[in-house]
Amino acid sequence: MDIFKYLEKNKMRIYVKVIPRSSRNEVKEIGENEYRVKVTAPPVDGEANSMLIKVLAKYFNVPKSSLNIVGGRSAKIKIIDIM
């Protein structure tokens with residue numbers, strides 16, 4: 001998949017701007033390795049992060065355990081590794 005930056009074998013890194021409290025869950029590619037993700041969950045007690053992982057897992061058709069937030073856990077822009 002050429003839209004991902006390969007870090008090592010079978011591991012990819014993407015950058016995500018999260019928009020919490022949206023009316024629907026939605027993933028939109030905005031550039032190479034960059035996505036804008038709307039989630040319905042509020043940014044409270046990790047709810048938006050949990051919903052983000054769920055939405056991205058469905059979008060990329062991978063298990064939730066394959067996604068890991070490696071940067072920006074409490075920020076709107078996050079770095080996510082997909083294994």
# chains A, B, ... in the order shown; residues from 1 in each chain; ligands from 1

$ select_by_dssp --residues "chain A" --states "strand (DSSP E or B)" --output "compact mmCIF listing (two decimals) with C-alpha atoms, in the first residue's frame"
# COMPACT_ATOMS: atom_id res chain seq x y z
CA LYS A 5 5.10 5.06 5.39
CA TYR A 6 6.70 1.70 6.17
CA LEU A 7 8.62 1.78 9.44
CA GLU A 8 9.62 -1.85 9.41
CA LYS A 11 4.22 -1.89 10.29
CA MET A 12 2.78 1.40 9.01
CA ARG A 13 2.48 4.88 10.51
CA ILE A 14 -0.33 7.33 9.82
CA TYR A 15 -1.12 10.81 11.09
CA VAL A 16 -4.69 11.54 12.13
CA LYS A 17 -6.55 14.72 12.98
CA VAL A 18 -9.45 13.76 15.24
CA ILE A 19 -12.70 15.72 15.39
CA GLU A 26 -16.16 9.12 9.28
CA VAL A 27 -12.64 8.66 7.88
CA LYS A 28 -11.32 10.91 5.12
CA GLU A 29 -7.88 10.71 3.53
CA ILE A 30 -6.45 14.23 3.27
CA GLY A 31 -2.92 13.41 2.08
CA GLU A 34 -2.74 11.73 6.66
CA TYR A 35 -6.38 11.32 7.63
CA ARG A 36 -9.17 13.35 9.19
CA VAL A 37 -11.41 11.23 11.40
CA LYS A 38 -14.73 12.36 12.83
CA LEU A 67 -3.63 -0.17 16.05
CA ASN A 68 -1.56 1.74 18.58
CA ILE A 69 -1.57 5.46 19.37
CA VAL A 70 2.13 6.30 19.70
CA GLY A 71 1.88 10.07 19.84
CA ILE A 77 -3.40 15.27 15.96
CA LYS A 78 -2.27 11.72 16.67
CA ILE A 79 0.39 9.38 15.37
CA ILE A 80 -0.86 5.84 14.94
CA ASP A 81 1.05 2.68 14.10
CA ILE A 82 -0.76 -0.11 12.30

$ atom_distance --atom1 "atom CA of A:Leu56" --atom2 "atom CA of A:Ser22"
15.4 Å

$ atom_distance --atom1 "atom CA of A:Ala57" --atom2 "atom CA of A:Asn25"
12.3 Å

$ atom_distance --atom1 "atom CA of A:Ala75" --atom2 "atom CA of A:Asn61"
24.8 Å

$ residues_around --residues "stretch 47-51 of chain A" --least-positions-apart "6" --cutoff "7 Å" --atoms "only C-alpha atoms" --output "list of chain:residue names"
A:Pro20, A:Val39, A:Ala41

$ closest_residue --among "A:Ser66, A:Met83, A:Glu32, A:Thr40" --to "A:Asn10" --atoms "only C-alpha atoms"
A:Met83

$ select_by_dssp --residues "stretch 37-81 of chain A" --states "alpha helix (DSSP H)" --output "PyMOL selection string"
chain A and resi 47-60

$ write_last_selection --atoms "N, CA and C atoms" --output "PDB file, in the first residue's frame"
ATOM      1  N   GLU A  47     -12.559   8.363  25.715  1.00  0.00           N
ATOM      2  CA  GLU A  47     -13.649   7.854  24.874  1.00  0.00           C
ATOM      3  C   GLU A  47     -13.404   8.117  23.395  1.00  0.00           C
ATOM      4  N   ALA A  48     -12.914   9.304  23.053  1.00  0.00           N
ATOM      5  CA  ALA A  48     -12.652   9.630  21.647  1.00  0.00           C
ATOM      6  C   ALA A  48     -11.530   8.741  21.098  1.00  0.00           C
ATOM      7  N   ASN A  49     -10.507   8.484  21.893  1.00  0.00           N
ATOM      8  CA  ASN A  49      -9.416   7.610  21.450  1.00  0.00           C
ATOM      9  C   ASN A  49      -9.919   6.188  21.206  1.00  0.00           C
ATOM     10  N   SER A  50     -10.757   5.689  22.088  1.00  0.00           N
ATOM     11  CA  SER A  50     -11.322   4.339  21.919  1.00  0.00           C
ATOM     12  C   SER A  50     -12.161   4.265  20.652  1.00  0.00           C
ATOM     13  N   MET A  51     -12.977   5.286  20.428  1.00  0.00           N
ATOM     14  CA  MET A  51     -13.813   5.317  19.229  1.00  0.00           C
ATOM     15  C   MET A  51     -12.942   5.454  17.983  1.00  0.00           C
ATOM     16  N   LEU A  52     -11.883   6.248  18.070  1.00  0.00           N
ATOM     17  CA  LEU A  52     -10.955   6.407  16.945  1.00  0.00           C
ATOM     18  C   LEU A  52     -10.360   5.067  16.538  1.00  0.00           C
ATOM     19  N   ILE A  53      -9.890   4.299  17.502  1.00  0.00           N
ATOM     20  CA  ILE A  53      -9.306   2.980  17.211  1.00  0.00           C
ATOM     21  C   ILE A  53     -10.353   2.071  16.561  1.00  0.00           C
ATOM     22  N   LYS A  54     -11.558   2.092  17.070  1.00  0.00           N
ATOM     23  CA  LYS A  54     -12.632   1.260  16.527  1.00  0.00           C
ATOM     24  C   LYS A  54     -12.946   1.648  15.077  1.00  0.00           C
ATOM     25  N   VAL A  55     -13.049   2.949  14.816  1.00  0.00           N
ATOM     26  CA  VAL A  55     -13.382   3.441  13.477  1.00  0.00           C
ATOM     27  C   VAL A  55     -12.252   3.130  12.486  1.00  0.00           C
ATOM     28  N   LEU A  56     -11.008   3.354  12.899  1.00  0.00           N
ATOM     29  CA  LEU A  56      -9.875   3.074  12.012  1.00  0.00           C
ATOM     30  C   LEU A  56      -9.724   1.578  11.747  1.00  0.00           C
ATOM     31  N   ALA A  57      -9.969   0.747  12.748  1.00  0.00           N
ATOM     32  CA  ALA A  57      -9.880  -0.707  12.560  1.00  0.00           C
ATOM     33  C   ALA A  57     -10.882  -1.161  11.503  1.00  0.00           C
ATOM     34  N   LYS A  58     -12.075  -0.610  11.556  1.00  0.00           N
ATOM     35  CA  LYS A  58     -13.091  -0.957  10.564  1.00  0.00           C
ATOM     36  C   LYS A  58     -12.694  -0.436   9.180  1.00  0.00           C
ATOM     37  N   TYR A  59     -12.188   0.797   9.117  1.00  0.00           N
ATOM     38  CA  TYR A  59     -11.799   1.413   7.848  1.00  0.00           C
ATOM     39  C   TYR A  59     -10.683   0.622   7.161  1.00  0.00           C
ATOM     40  N   PHE A  60      -9.660   0.221   7.929  1.00  0.00           N
ATOM     41  CA  PHE A  60      -8.525  -0.501   7.367  1.00  0.00           C
ATOM     42  C   PHE A  60      -8.713  -2.015   7.377  1.00  0.00           C
TER      43      PHE A  60
END
